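Engineer: So here's model06.cif, just mmCIF, C-alpha atoms:
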data_structure
#
loop_
_atom_site.label_atom_id
_atom_site.label_comp_id
_atom_site.auth_asym_id
_atom_site.auth_seq_id
_atom_site.Cartn_x
_atom_site.Cartn_y
_atom_site.Cartn_z
CA MET H 168 95.94 96.42 88.53
CA ASP H 169 92.45 97.91 88.33
CA TYR H 170 92.39 101.15 90.32
CA ASP H 171 88.67 101.95 90.14
CA PRO H 172 87.54 99.25 92.63
CA VAL H 173 89.94 100.64 95.23
CA LYS H 174 88.77 104.20 94.51
CA ASP H 175 85.13 103.11 94.80
CA ARG H 176 85.72 101.43 98.18
CA LEU H 177 87.46 104.53 99.50
CA GLY H 178 84.68 106.70 98.10
CA ARG H 179 81.94 104.71 99.82
CA PHE H 180 83.67 105.29 103.15
CA PHE H 181 84.66 108.94 102.76
CA TRP H 182 81.49 110.23 101.09
CA THR H 183 79.32 109.42 104.10
CA THR H 184 79.72 112.83 105.81
CA PRO H 185 81.04 116.25 104.75
CA THR H 186 83.77 116.01 107.42
CA ARG H 187 85.04 112.73 105.98
CA THR H 188 84.89 114.09 102.44
CA LYS H 189 86.97 117.12 103.38
CA ALA H 190 89.49 114.84 105.07
CA PHE H 191 89.55 112.71 101.92
CA TYR H 192 90.24 115.75 99.74
CA ARG H 193 93.04 116.90 102.04
CA THR H 194 94.59 113.44 101.89
CA LEU H 195 94.44 113.35 98.09
CA ASP H 196 95.99 116.83 97.90
CA ALA H 197 98.82 115.73 100.19
CA VAL H 198 99.81 112.29 98.91
CA PHE H 199 99.42 112.91 95.17
CA LEU H 200 102.31 115.09 94.02
CA ARG H 201 100.38 115.98 90.86
CA SER H 202 98.03 118.02 93.06
CA TRP H 203 100.97 120.08 94.35
CA TYR H 204 102.00 120.95 90.79
CA VAL H 205 98.46 121.53 89.52
CA ARG H 206 97.50 123.82 92.40
CA ARG H 207 100.68 125.86 91.91
CA THR H 208 99.81 126.35 88.22
CA LEU H 209 96.20 127.24 89.00
CA ARG H 210 97.31 129.84 91.53
CA ARG H 211 99.45 131.46 88.85
CA LEU H 212 96.77 131.46 86.16
CA VAL H 213 93.87 132.54 88.35
CA GLY H 214 96.08 135.07 90.12
CA ALA H 215 96.88 136.66 86.77
CA ARG H 216 93.18 137.54 86.42
CA ALA H 217 93.58 140.04 89.30
CA GLY H 218 90.21 139.41 90.91
CA ARG H 219 88.20 139.36 87.69
CA PRO H 220 85.57 136.58 87.36
CA VAL H 221 87.05 133.28 86.19
CA ARG H 222 84.94 130.45 84.77
CA VAL H 223 86.65 127.06 84.95
CA LEU H 224 85.84 123.80 83.19
CA ASP H 225 86.92 120.83 85.33
CA ALA H 226 87.12 118.30 82.49
CA GLY H 227 86.93 114.90 84.16
CA THR H 228 86.27 116.02 87.73
CA GLY H 229 86.33 112.54 89.31
CA PHE H 230 85.95 112.97 93.07
CA GLY H 231 85.55 116.74 92.57
CA GLN H 232 88.46 117.78 94.77
CA TYR H 233 89.86 120.32 92.32
CA ALA H 234 86.48 121.97 91.77
CA TYR H 235 86.07 122.29 95.53
CA TRP H 236 89.60 123.58 96.01
CA LEU H 237 89.15 126.22 93.32
CA VAL H 238 85.97 127.75 94.74
CA ARG H 239 87.26 127.51 98.31
CA THR H 240 90.54 129.21 97.41
CA PHE H 241 89.40 131.88 94.93
CA PRO H 242 86.24 133.91 95.57
CA ASN H 243 86.16 135.03 91.91
CA VAL H 244 85.98 131.48 90.47
CA GLU H 245 82.97 129.51 89.25
CA VAL H 246 83.34 125.90 88.08
CA VAL H 247 81.47 123.60 85.73
CA ALA H 248 82.61 120.09 86.68
CA VAL H 249 81.95 117.35 84.14
CA ASP H 250 82.48 113.59 84.14
CA VAL H 251 81.06 110.46 82.50
CA LYS H 252 80.48 108.73 85.85
CA ASP H 253 77.06 109.57 87.27
CA ASP H 254 77.83 108.16 90.72
CA TYR H 255 80.91 110.35 91.13
CA LEU H 256 78.96 113.41 90.01
CA ARG H 257 76.08 112.73 92.40
CA ARG H 258 78.41 112.28 95.36
CA ALA H 259 80.45 115.39 94.61
CA GLU H 260 77.32 117.46 94.01
CA ALA H 261 75.75 116.27 97.26
CA PHE H 262 78.89 117.23 99.16
CA VAL H 263 79.27 120.69 97.62
CA ALA H 264 75.56 121.36 98.26
CA GLN H 265 76.37 121.19 102.00
CA THR H 266 79.12 123.81 101.76
CA PRO H 267 79.05 127.62 101.41
CA TYR H 268 80.18 127.19 97.77
CA ALA H 269 77.13 125.36 96.44
CA GLY H 270 76.08 128.16 94.10
CA ARG H 271 79.48 128.35 92.43
CA VAL H 272 79.90 124.75 91.19
CA THR H 273 77.71 123.09 88.57
CA PHE H 274 78.00 119.36 87.93
CA GLU H 275 77.17 117.94 84.51
CA ARG H 276 77.47 114.55 82.87
CA ALA H 277 79.51 114.85 79.68
CA ASP H 278 81.56 112.69 77.34
CA LEU H 279 84.60 114.80 76.54
CA THR H 280 84.97 113.16 73.12
CA GLN H 281 81.67 114.77 72.13
CA PRO H 282 81.10 118.51 71.61
CA LEU H 283 80.35 120.25 74.89
CA PRO H 284 77.23 122.42 75.32
CA HIS H 285 79.45 125.39 76.19
CA GLU H 286 80.95 127.45 73.39
CA GLU H 287 83.60 130.02 74.31
CA ALA H 288 82.38 129.89 77.90
CA PHE H 289 85.49 129.24 80.02
CA ASP H 290 88.59 131.21 80.89
CA LEU H 291 90.38 128.09 82.10
CA ALA H 292 90.02 124.34 81.60
CA LEU H 293 91.59 121.65 83.75
CA SER H 294 92.29 118.00 82.88
CA VAL H 295 94.03 116.08 85.67
CA ASP H 296 94.96 112.46 84.95
CA VAL H 297 92.13 112.09 82.46
CA MET H 298 93.71 111.88 79.01
CA GLU H 299 95.46 108.56 79.68
CA HIS H 300 91.97 107.06 80.02
CA ILE H 301 90.62 108.33 76.67
CA GLU H 302 91.57 106.86 73.31
CA ASP H 303 90.29 109.72 71.17
CA ASP H 304 92.36 112.43 72.83
CA ARG H 305 92.40 114.64 69.73
CA ALA H 306 88.62 115.01 69.89
CA VAL H 307 88.86 116.00 73.55
CA PHE H 308 91.39 118.73 72.84
CA ARG H 309 89.25 120.12 70.00
CA ASN H 310 86.14 120.15 72.18
CA VAL H 311 87.91 121.84 75.08
CA ARG H 312 89.37 124.42 72.69
CA ASP H 313 85.84 125.26 71.49
CA ALA H 314 84.69 125.65 75.09
CA LEU H 315 87.47 128.14 75.92
CA VAL H 316 87.20 131.85 75.33
CA PRO H 317 89.92 133.31 73.08
CA GLY H 318 92.97 133.68 75.28
CA GLY H 319 91.74 130.99 77.69
CA HIS H 320 94.09 128.33 79.04
CA LEU H 321 94.03 124.56 79.29
CA VAL H 322 96.07 122.75 81.96
CA VAL H 323 96.76 119.06 81.29
CA ASN H 324 98.34 116.75 83.84
CA THR H 325 99.07 113.20 82.70
CA PRO H 326 101.64 110.40 83.01
CA SER H 327 104.67 110.73 80.74
CA ASP H 328 106.37 108.08 78.64
CA GLN H 329 109.36 108.20 81.02
CA GLY H 330 107.91 105.61 83.36
CA GLY H 331 104.38 106.96 83.81
CA SER H 332 101.68 104.55 85.02
CA GLY H 333 104.45 102.56 86.70
CA VAL H 334 105.90 101.31 83.41
CA GLY H 335 109.66 101.00 83.67
CA GLY H 336 110.59 99.08 80.53
CA ALA H 337 109.46 97.43 77.32
CA GLY H 338 106.81 94.80 77.82
CA GLU H 339 105.71 96.06 81.24
CA GLU H 340 102.02 96.74 81.77
CA SER H 341 100.56 99.87 83.28
CA PHE H 342 100.13 99.89 87.05
CA ILE H 343 96.63 101.21 86.36
CA GLY H 344 94.55 98.77 84.32
CA GLU H 345 92.09 101.45 83.19
CA HIS H 346 94.74 103.39 81.24
CA VAL H 347 94.55 103.21 77.44
CA ARG H 348 98.10 104.60 77.13
CA ASP H 349 101.02 104.36 79.52
CA GLY H 350 101.97 108.01 79.11
CA TYR H 351 102.69 110.81 76.67
CA ALA H 352 105.92 111.86 75.06
CA VAL H 353 106.28 115.64 75.30
CA ASP H 354 106.41 116.06 71.51
CA ASP H 355 103.32 113.88 71.05
CA LEU H 356 101.23 115.83 73.53
CA VAL H 357 102.42 119.18 72.19
CA GLU H 358 101.62 118.14 68.60
CA LYS H 359 98.10 117.03 69.53
CA LEU H 360 97.35 120.22 71.43
CA GLU H 361 98.70 122.47 68.70
CA THR H 362 96.90 120.52 65.97
CA ALA H 363 93.71 121.17 67.95
CA GLY H 364 94.40 124.91 67.67
CA LEU H 365 96.01 125.52 71.05
CA ARG H 366 99.41 127.13 71.63
CA VAL H 367 101.55 125.34 74.21
CA THR H 368 103.07 127.85 76.64
CA ASP H 369 104.64 125.61 79.32
CA THR H 370 105.79 121.99 79.59
CA ASP H 371 107.12 120.59 82.84
CA TYR H 372 108.17 117.13 83.92
CA THR H 373 106.70 116.21 87.28
CA TYR H 374 107.52 113.22 89.44
CA GLY H 375 111.28 113.39 88.90
CA PRO H 376 113.48 110.82 90.65
CA VAL H 377 112.56 112.16 94.08
CA GLY H 378 108.85 112.49 93.27
CA SER H 379 108.74 109.02 91.74
CA ALA H 380 110.13 107.61 94.98
CA ALA H 381 107.40 109.50 96.87
CA TRP H 382 104.76 108.07 94.52
CA ARG H 383 105.88 104.51 95.22
CA LEU H 384 105.91 105.20 98.94
CA LEU H 385 102.64 107.14 99.20
CA VAL H 386 100.52 105.69 96.39
CA LYS H 387 101.73 102.56 94.62
CA TRP H 388 102.52 100.38 97.61
CA PRO H 389 99.43 101.31 99.70
CA ILE H 390 97.10 100.93 96.69
CA THR H 391 98.64 97.54 95.91
CA MET H 392 97.90 96.43 99.47
CA LEU H 393 94.32 97.70 99.30
CA ASN H 394 93.81 95.98 95.96
CA ARG H 395 94.80 92.64 97.48
CA SER H 396 92.23 92.78 100.25
CA PRO H 397 90.07 95.40 102.04
CA LEU H 398 91.06 93.64 105.25
CA LEU H 399 94.50 95.25 104.92
CA THR H 400 93.02 98.76 105.36
CA PRO H 401 94.05 99.06 109.05
CA LEU H 402 97.58 98.00 108.09
CA VAL H 403 97.68 100.73 105.43
CA GLY H 404 96.69 103.30 108.05
CA ALA H 405 99.54 102.19 110.28
CA TYR H 406 101.89 102.20 107.29
CA TYR H 407 101.15 105.87 106.60
CA LEU H 408 102.12 106.85 110.15
CA GLY H 409 105.71 106.01 109.30
CA ALA H 410 105.86 106.49 105.55
CA GLY H 411 103.67 109.58 105.31
CA PRO H 412 106.09 112.22 106.65
CA VAL H 413 108.92 110.86 104.50
CA GLY H 414 106.77 110.82 101.36
CA LEU H 415 105.47 114.35 101.95
CA ALA H 416 109.01 115.64 102.42
CA LEU H 417 109.99 114.01 99.10
CA ASN H 418 106.98 115.65 97.41
CA ALA H 419 108.13 119.06 98.66
CA VAL H 420 111.64 118.49 97.34
CA ASP H 421 110.40 117.41 93.90
CA LEU H 422 108.17 120.48 93.59
CA ARG H 423 111.19 122.75 94.08
CA ARG H 424 113.28 120.98 91.44
CA ASP H 425 113.49 121.66 87.72
CA ASN H 426 113.23 118.06 86.54
CA ASP H 427 115.01 117.10 83.31
CA THR H 428 112.72 114.08 83.11
CA GLY H 429 109.91 112.60 85.13
CA THR H 430 107.06 110.12 85.11
CA GLY H 431 104.49 112.92 84.91
CA LEU H 432 103.81 115.81 82.54
CA LEU H 433 102.16 119.14 83.25
CA VAL H 434 101.41 121.12 80.10
CA THR H 435 99.70 124.49 79.78
CA ALA H 436 98.26 125.62 76.46
CA GLN H 437 96.37 128.71 75.36
CA LYS H 438 93.65 129.32 72.83
CA PRO H 439 94.89 132.18 70.64
CA PRO H 440 93.39 135.54 71.57
CA ARG H 441 91.26 137.36 69.04
CA PRO H 442 93.34 139.62 66.78
CA THR H 443 93.29 143.25 67.83
CA ARG H 444 92.65 145.93 65.23
#
Rewrite the coordinates I just gave you, this time as structure tokens.

Structural biologist:
Amino acid sequence: MDYDPVKDRLGRFFWTTPTRTKAFYRTLDAVFLRSWYVRRTLRRLVGARAGRPVRVLDAGTGFGQYAYWLVRTFPNVEVVAVDVKDDYLRRAEAFVAQTPYAGRVTFERADLTQPLPHEEAFDLALSVDVMEHIEDDRAVFRNVRDALVPGGHLVVNTPSDQGGSGVGGAGEESFIGEHVRDGYAVDDLVEKLETAGLRVTDTDYTYGPVGSAAWRLLVKWPITMLNRSPLLTPLVGAYYLGAGPVGLALNAVDLRRDNDTGTGLLVTAQKPPRPTR
């Protein structure tokens, strides 16, 4: 299934006013369990800076919800949000310009497989569900490493090879047609990050059995309906009235578990600090 047409239809509706955009961001943060895990990790990493200025690279910002969340949550954060899609960037930039945080987010068009015009500029880089869309992932990791200051961190969230992208067995195709890989094995992702010169500090499976059930309930089934026909949109709204509370409760349970396996991966890596004399 191609996911982008559904995203574009939702975007055209929700980007019309700042109020709708904020509601859209809150919905994404709630239904996508990855956002629960990513925000928890960001709180830990930014919190460790103890109020010092933090420059963040949002590498593949998409709708821009993480850039907005970061500057809204942490007064010491500034974000450079990059993406290859001009329309997404324009919409996100227009929204943020109408908020009190306009001066703290910069939007730039960038191909992550090419060197970025920022050398040793960021304390933290974020890549949420981006790497499964990019064939040359090694180039991306090298370029992000160069953009980090020594000691800076990269947070990568991506589907795993344990059923990520909705793939449950050999021969099955990804639920998302735009993915170039169904998911990463832990060892594969760790090797690519460390070959790029980053030291992996944390690896966590997300979307364990409980979270995977929530994903089917909150994301897969509604998106499948919307992909069939936009006329089903009112039905999806009614569906969420019943399924939403159950799915959110499952998300909360998954976040509290230490999953032995899962359909998602959250990996944190660090650029080695400069040697001290």

Engineer: For atom CA of Ala217 of chain H and atom CA of Phe241 of chain H, determine how far apart the two atoms are, in Å to one decimal place.

Structural biologist: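 Straight-line distance from atom CA of Ala217 of chain H to atom CA of Phe241 of chain H works out to 10.8 Å.
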
Engineer: Near segment 207-216 of chain H, within 10 Å and counting all atoms listed in the file, which residues show up once chain neighbours fewer than 5 positions away are dropped, as a PyMOL selection string?

Structural biologist: chain H and resi 201-202+221-223+233+237+240-241+243-244+290-291+293+319-320+322+422+433-435

Engineer: Which of these residues is nearest to Leu417 of chain H, using all atoms listed in the file: H:Thr280, H:Thr183, H:Gln437, H:Ser379?

Structural biologist: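 Of H:Thr280, H:Thr183, H:Gln437, H:Ser379, the one nearest Leu417 of chain H is H:Ser379, counting all atoms listed in the file.
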
Engineer: Quick one: everything within 7 Å of Thr325 of chain H, counting only C-alpha atoms, minus sequence neighbours fewer than 4 positions away in the same chain. Send it as a ChimeraX atom specification.

Structural biologist: /H:295-296,298-299,350,431-433

Engineer: Looking at H:Asn426, H:Gln281, H:Ser396, H:Thr194, which one is nearest to Gly411 of chain H, with distances taken over only C-alpha atoms?

Structural biologist: H:Thr194

Engineer: List every protein, DNA or RNA residue with an atom no more than 10 Å from (88.5, 106.7, 99.5) in the file's coordinates, counting all atoms listed in the file, and format the result as a PDB file with C-alpha atoms, in the frame of the given file.

Structural biologist:
ATOM      1  CA  VAL H 173      89.940 100.640  95.230  1.00  0.00           C
ATOM      2  CA  LYS H 174      88.770 104.200  94.510  1.00  0.00           C
ATOM      3  CA  ASP H 175      85.130 103.110  94.800  1.00  0.00           C
ATOM      4  CA  ARG H 176      85.720 101.430  98.180  1.00  0.00           C
ATOM      5  CA  LEU H 177      87.460 104.530  99.500  1.00  0.00           C
ATOM      6  CA  GLY H 178      84.680 106.700  98.100  1.00  0.00           C
ATOM      7  CA  ARG H 179      81.940 104.710  99.820  1.00  0.00           C
ATOM      8  CA  PHE H 180      83.670 105.290 103.150  1.00  0.00           C
ATOM      9  CA  PHE H 181      84.660 108.940 102.760  1.00  0.00           C
ATOM     10  CA  TRP H 182      81.490 110.230 101.090  1.00  0.00           C
ATOM     11  CA  ARG H 187      85.040 112.730 105.980  1.00  0.00           C
ATOM     12  CA  THR H 188      84.890 114.090 102.440  1.00  0.00           C
ATOM     13  CA  ALA H 190      89.490 114.840 105.070  1.00  0.00           C
ATOM     14  CA  PHE H 191      89.550 112.710 101.920  1.00  0.00           C
ATOM     15  CA  TYR H 192      90.240 115.750  99.740  1.00  0.00           C
ATOM     16  CA  THR H 194      94.590 113.440 101.890  1.00  0.00           C
ATOM     17  CA  LEU H 195      94.440 113.350  98.090  1.00  0.00           C
ATOM     18  CA  PHE H 230      85.950 112.970  93.070  1.00  0.00           C
TER      19      PHE H 230
END

Engineer: Name the residues that the PyMOL selection byres ((chain H and resi 256) around 12) picks from the file above, as a short mmCIF file (atom, residue, chain, number, x, y, z; two decimals) with C-alpha atoms, in the frame of the given file, using the file's chain letters and numbers.

Structural biologist:
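Saved to part-v6.cif:
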data_model
loop_
_atom_site.label_atom_id
_atom_site.label_comp_id
_atom_site.auth_asym_id
_atom_site.auth_seq_id
_atom_site.Cartn_x
_atom_site.Cartn_y
_atom_site.Cartn_z
CA GLY H 178 84.68 106.70 98.10
CA TRP H 182 81.49 110.23 101.09
CA ASP H 225 86.92 120.83 85.33
CA GLY H 227 86.93 114.90 84.16
CA THR H 228 86.27 116.02 87.73
CA GLY H 229 86.33 112.54 89.31
CA PHE H 230 85.95 112.97 93.07
CA GLY H 231 85.55 116.74 92.57
CA GLN H 232 88.46 117.78 94.77
CA ALA H 234 86.48 121.97 91.77
CA VAL H 247 81.47 123.60 85.73
CA ALA H 248 82.61 120.09 86.68
CA VAL H 249 81.95 117.35 84.14
CA ASP H 250 82.48 113.59 84.14
CA VAL H 251 81.06 110.46 82.50
CA LYS H 252 80.48 108.73 85.85
CA ASP H 253 77.06 109.57 87.27
CA ASP H 254 77.83 108.16 90.72
CA TYR H 255 80.91 110.35 91.13
CA ARG H 257 76.08 112.73 92.40
CA ARG H 258 78.41 112.28 95.36
CA ALA H 259 80.45 115.39 94.61
CA GLU H 260 77.32 117.46 94.01
CA ALA H 261 75.75 116.27 97.26
CA PHE H 262 78.89 117.23 99.16
CA VAL H 263 79.27 120.69 97.62
CA ALA H 264 75.56 121.36 98.26
CA VAL H 272 79.90 124.75 91.19
CA THR H 273 77.71 123.09 88.57
CA PHE H 274 78.00 119.36 87.93
CA GLU H 275 77.17 117.94 84.51
CA ARG H 276 77.47 114.55 82.87
CA ALA H 277 79.51 114.85 79.68
#

Engineer: Applying 9 Å and only C-alpha atoms, which residues near Gly364 of chain H remain after dropping the ones on its own chain fewer than 5 positions away? List them as a CSV table (one decimal) with C-alpha atoms, in the frame of the given file.

Structural biologist:
chain,number,residue,atom,x,y,z
H,308,PHE,CA,91.4,118.7,72.8
H,309,ARG,CA,89.2,120.1,70.0
H,312,ARG,CA,89.4,124.4,72.7
H,359,LYS,CA,98.1,117.0,69.5
H,437,GLN,CA,96.4,128.7,75.4
H,438,LYS,CA,93.6,129.3,72.8
H,439,PRO,CA,94.9,132.2,70.6

Engineer: Quick one: pull the distance between atom CA of Gly270 of chain H and atom CA of Arg219 of chain H, Å, one decimal.

Structural biologist: 17.7 Å

Engineer: Just say which residues the PyMOL selection byres ((chain H and resi 414) around 8) picks in this file, as a list in words.

Structural biologist: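 After applying the PyMOL selection byres ((chain H and resi 414) around 8), what remains is Val198, Ala380, Ala381, Trp382, Leu384, Leu385, Ala410, Gly411, Pro412, Val413, Leu415, Ala416, Leu417 and Asn418 of chain H.
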
Engineer: Give me the residues within 8 Å of Asp313 of chain H as a PDB file with C-alpha atoms, in the coordinates of the input, counting only C-alpha atoms and dropping any in the same chain fewer than 4 places off.

Structural biologist:
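Below you can see result-v9.pdb, which holds the result:
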ATOM      1  CA  HIS H 285      79.450 125.390  76.190  1.00  0.00           C
ATOM      2  CA  GLU H 286      80.950 127.450  73.390  1.00  0.00           C
ATOM      3  CA  GLU H 287      83.600 130.020  74.310  1.00  0.00           C
ATOM      4  CA  ARG H 309      89.250 120.120  70.000  1.00  0.00           C
TER       5      ARG H 309
END

Engineer: Assuming 4 Å of padding per side, give the centre and edge lengths of the axis-aligned box around every listed atom of segment 364-382 of chain H, in Å to one decimal and as AutoDock Vina command-line options.

Structural biologist:
--center_x 103.9 --center_y 117.7 --center_z 82.3 --size_x 27.1 --size_y 28.2 --size_z 37.2
